[in-house]
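This is input32.txt (compact mmCIF, C-alpha atoms).
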```txt
# COMPACT_ATOMS: atom_id res chain seq x y z
CA MET I 103 -1.21 -16.08 12.71
CA GLN I 104 -0.70 -13.70 9.77
CA GLN I 105 2.11 -15.84 8.38
CA GLN I 106 -0.09 -18.95 8.66
CA ILE I 107 -2.87 -17.23 6.72
CA ILE I 108 -0.41 -16.15 4.02
CA ARG I 109 1.05 -19.67 3.84
CA GLU I 110 -2.41 -21.25 3.58
CA THR I 111 -3.46 -18.75 0.91
CA PHE I 112 -0.30 -19.43 -1.07
CA LEU I 113 -0.85 -23.19 -0.86
CA LEU I 114 -4.45 -22.84 -2.03
CA LEU I 115 -3.57 -20.61 -4.98
CA SER I 116 -0.28 -22.11 -6.12
CA LYS I 117 -1.92 -25.52 -6.75
CA ARG I 118 -4.45 -24.04 -9.14
CA GLU I 119 -3.98 -24.06 -12.87
CA ASP I 120 -4.24 -20.86 -14.89
CA SER I 121 -7.32 -22.18 -16.74
CA VAL I 122 -9.57 -22.35 -13.63
CA CYS I 123 -11.70 -19.51 -12.27
CA ASN I 124 -10.15 -16.80 -10.12
CA PHE I 125 -12.11 -17.32 -6.94
CA LEU I 126 -12.37 -20.10 -4.38
CA GLU I 127 -13.64 -20.69 -0.89
CA GLY I 128 -11.33 -19.53 1.88
CA GLY I 129 -9.24 -21.99 3.83
CA THR I 130 -9.79 -23.00 7.44
CA LEU I 131 -7.77 -20.07 8.81
CA ILE I 132 -9.53 -17.56 6.56
CA GLY I 133 -13.06 -18.52 7.57
CA GLY I 134 -14.00 -21.45 5.36
CA SER I 135 -17.12 -21.20 3.23
CA ASP I 136 -18.13 -17.84 4.73
CA PHE I 137 -15.27 -16.15 2.88
CA ARG I 138 -13.91 -16.30 -0.64
CA LEU I 139 -10.48 -15.61 -2.08
CA VAL I 140 -10.66 -13.59 -5.27
CA TYR I 141 -7.36 -13.26 -7.08
CA ARG I 142 -5.63 -12.34 -10.31
CA HIS I 143 -2.25 -13.59 -11.42
CA TYR I 144 -0.14 -11.14 -13.43
CA ALA I 145 3.29 -12.45 -14.51
CA THR I 146 4.96 -13.08 -11.12
CA LEU I 147 2.47 -11.13 -9.00
CA TYR I 148 -0.64 -12.42 -7.28
CA PHE I 149 -3.24 -9.92 -6.10
CA VAL I 150 -5.56 -11.57 -3.57
CA PHE I 151 -8.64 -10.15 -1.87
CA CYS I 152 -10.50 -12.00 0.87
CA VAL I 153 -14.20 -11.12 0.80
CA ASP I 154 -17.33 -12.39 2.48
CA SER I 155 -19.84 -14.50 0.60
CA SER I 156 -22.15 -11.54 -0.10
CA GLU I 157 -19.58 -9.77 -2.33
CA SER I 158 -19.68 -10.06 -6.10
CA GLU I 159 -16.64 -12.03 -7.27
CA LEU I 160 -16.76 -10.34 -10.68
CA GLY I 161 -16.92 -6.92 -9.02
CA ILE I 162 -13.81 -7.75 -6.99
CA LEU I 163 -12.01 -8.99 -10.13
CA ASP I 164 -12.82 -5.63 -11.72
CA LEU I 165 -11.53 -3.87 -8.59
CA ILE I 166 -8.26 -5.82 -8.80
CA GLN I 167 -7.97 -4.86 -12.48
CA VAL I 168 -8.39 -1.15 -11.65
CA PHE I 169 -5.83 -1.45 -8.82
CA VAL I 170 -3.25 -3.20 -11.02
CA GLU I 171 -3.75 -0.80 -13.94
CA THR I 172 -3.33 2.17 -11.58
CA LEU I 173 -0.16 0.63 -10.10
CA ASP I 174 1.09 0.03 -13.63
CA ARG I 175 0.51 3.67 -14.59
CA CYS I 176 2.20 4.95 -11.41
CA PHE I 177 5.22 2.66 -11.54
CA GLU I 178 5.48 2.07 -15.32
CA ASN I 179 5.32 -1.76 -15.50
CA VAL I 180 4.84 -2.54 -11.83
CA CYS I 181 6.99 -5.32 -10.40
CA GLU I 182 7.70 -6.89 -7.01
CA LEU I 183 10.40 -4.35 -6.18
CA ASP I 184 8.00 -1.45 -6.73
CA LEU I 185 5.58 -3.00 -4.26
CA ILE I 186 8.31 -3.70 -1.70
CA PHE I 187 10.19 -0.40 -1.83
CA HIS I 188 7.17 1.85 -2.30
CA MET I 189 4.71 0.20 0.09
CA ASP I 190 3.49 3.60 1.31
CA LYS I 191 2.53 4.62 -2.23
CA VAL I 192 0.85 1.26 -2.85
CA HIS I 193 -1.21 1.72 0.33
CA TYR I 194 -2.10 5.27 -0.70
CA ILE I 195 -3.31 4.03 -4.11
CA LEU I 196 -5.38 1.29 -2.48
CA GLN I 197 -6.85 3.83 -0.04
CA GLU I 198 -7.94 5.97 -2.98
CA ILE I 199 -9.89 2.97 -4.29
CA VAL I 200 -11.13 1.29 -1.08
CA MET I 201 -11.82 3.01 2.23
CA GLY I 202 -13.27 1.32 5.30
CA GLY I 203 -14.04 -1.82 3.31
CA MET I 204 -16.13 0.09 0.78
CA VAL I 205 -15.15 0.80 -2.81
CA VAL I 206 -15.08 4.58 -3.14
CA GLU I 207 -13.51 5.09 -6.57
CA THR I 208 -12.95 2.97 -9.67
CA ASN I 209 -12.37 5.74 -12.20
CA GLN I 210 -8.66 5.46 -12.95
CA THR I 211 -8.38 9.07 -14.14
CA GLU I 212 -9.83 10.33 -10.87
CA ILE I 213 -7.53 8.07 -8.82
CA LEU I 214 -4.44 9.23 -10.74
CA THR I 215 -5.47 12.89 -10.30
CA HIS I 216 -5.51 12.44 -6.51
CA ILE I 217 -2.18 10.59 -6.55
CA GLU I 218 -0.52 13.30 -8.66
CA ALA I 219 -1.88 15.98 -6.31
CA GLN I 220 -0.40 14.10 -3.33
CA GLN I 221 2.96 13.84 -5.11
CA ARG I 222 2.95 17.60 -5.82
CA ILE I 223 2.33 18.31 -2.14
CA GLU I 224 5.16 15.96 -1.11
CA LYS I 225 7.57 17.59 -3.58
CA GLN I 226 6.53 21.04 -2.41
CA GLU I 227 7.15 20.09 1.22
CA ALA I 228 10.51 18.57 0.35
CA GLY I 229 11.49 21.71 -1.58
CA ILE I 230 10.60 23.98 1.34
CA PHE I 231 12.75 21.97 3.72
CA LYS I 232 15.70 21.82 1.29
CA GLN I 233 15.61 25.56 0.67
CA SER I 234 15.66 26.36 4.37
CA GLY I 235 18.55 23.95 5.00
CA ARG I 236 16.45 21.81 7.28
CA MET I 237 15.85 18.11 7.27
CA GLY I 238 12.77 17.18 5.25
CA GLY I 239 10.27 14.38 5.38
CA ALA I 240 8.62 12.79 8.38
CA PRO I 241 10.89 14.24 11.10
CA ALA I 242 10.16 17.78 9.97
CA ARG I 243 6.41 17.15 9.75
CA ALA I 244 6.40 15.52 13.20
CA LEU I 245 8.25 18.45 14.74
CA SER I 246 5.98 20.94 13.00
CA ALA I 247 2.89 19.09 14.27
CA ALA I 248 4.28 18.98 17.81
CA LYS I 249 5.00 22.72 17.73
CA SER I 250 1.47 23.53 16.56
CA MET I 251 -0.06 21.35 19.29
CA ALA I 252 2.08 22.85 22.06
CA PRO I 253 3.22 26.32 20.94
CA ASN I 254 4.56 27.33 24.37
CA VAL I 255 6.94 24.38 24.69
CA ASN I 256 10.57 24.96 23.65
CA LEU I 257 11.41 22.14 21.26
CA PRO I 258 14.91 21.72 19.80
CA LYS I 259 15.53 23.04 16.31
CA LEU I 260 15.56 20.41 13.60
CA ALA I 261 19.09 21.41 12.57
CA ASP I 262 20.28 20.51 16.09
CA LEU I 263 18.65 17.07 15.83
CA GLN I 264 20.65 16.16 12.72
CA ASN I 265 23.90 15.99 14.68
CA ILE I 266 22.71 13.74 17.50
CA SER I 267 24.68 10.53 17.77
CA LEU I 268 22.83 7.58 19.21
CA PRO I 269 24.49 5.25 21.69
CA SER I 270 25.82 1.93 20.51
CA PHE I 271 24.01 -1.15 21.71
CA LYS I 272 26.91 -3.58 21.75
CA LYS I 273 26.66 -6.68 23.88
CA LEU I 274 28.45 -6.34 27.17
```

What do you get writing this file as structure tokens?
Amino acid sequence: MQQQIIRETFLLLSKREDSVCNFLEGGTLIGGSDFRLVYRHYATLYFVFCVDSSESELGILDLIQVFVETLDRCFENVCELDLIFHMDKVHYILQEIVMGGMVVETNQTEILTHIEAQQRIEKQEAGIFKQSGRMGGAPARALSAAKSMAPNVNLPKLADLQNISLPSFKKL
């Protein structure tokens, strides 16, 4: 279903000329006239929001502009590869702007301050794990969270987990 919605959205937008307005009624899969597609086309990137008919199209265009400018500041000339290989960061940026369907922040300076603070925390965590000779990132955080939830359970040390070899799943 998701692929069909993406395909329909692409077909609706790719037929449009650059000189027409940036919003149109949603297709049959999207909800028809009850929903609108609001989009901006930047070089090779399309940013598309699907909103209900009560939303302000111009407000959503402004929201897209803030999102793209923030991405551009974070990635220095954002491109497709940035969006593909840093999807977690893109989602974090979008969550700083929109939460639960409501716009919570449009001040780019404020958004960038939160993103930089998150990056400092991530670097600090990575530095702690490197200094102690342990594996960093998600496995270490997961193990730490599990230990804090069940302090009396003997969990393996992270250093022991690095040397585990997984079985091969060759066809028999």

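The space between CA of Glu198 (chain I) and CA of Ile213 (chain I) spans 6.2 Å.
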
* To do: Might you pull out every residue within 10 Å of Leu173 (chain I), with only C-alpha atoms counted and same-chain residues fewer than 3 positions away left off, and present them as a list in words?
  => Gln167, Val168, Phe169, Val170, Cys176, Phe177, Glu178, Asn179, Val180, Cys181, Asp184, Leu185, Lys191, Val192, Ile195, Leu196 and Leu214 of chain I

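Put simply, CA of Ile107 (chain I) is 27.9 Å away from CA of Thr208 (chain I).
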
* Asked: Quick one, how far is CA of Tyr141 (chain I) from CA of Met103 (chain I)?
  -> 20.9 Å
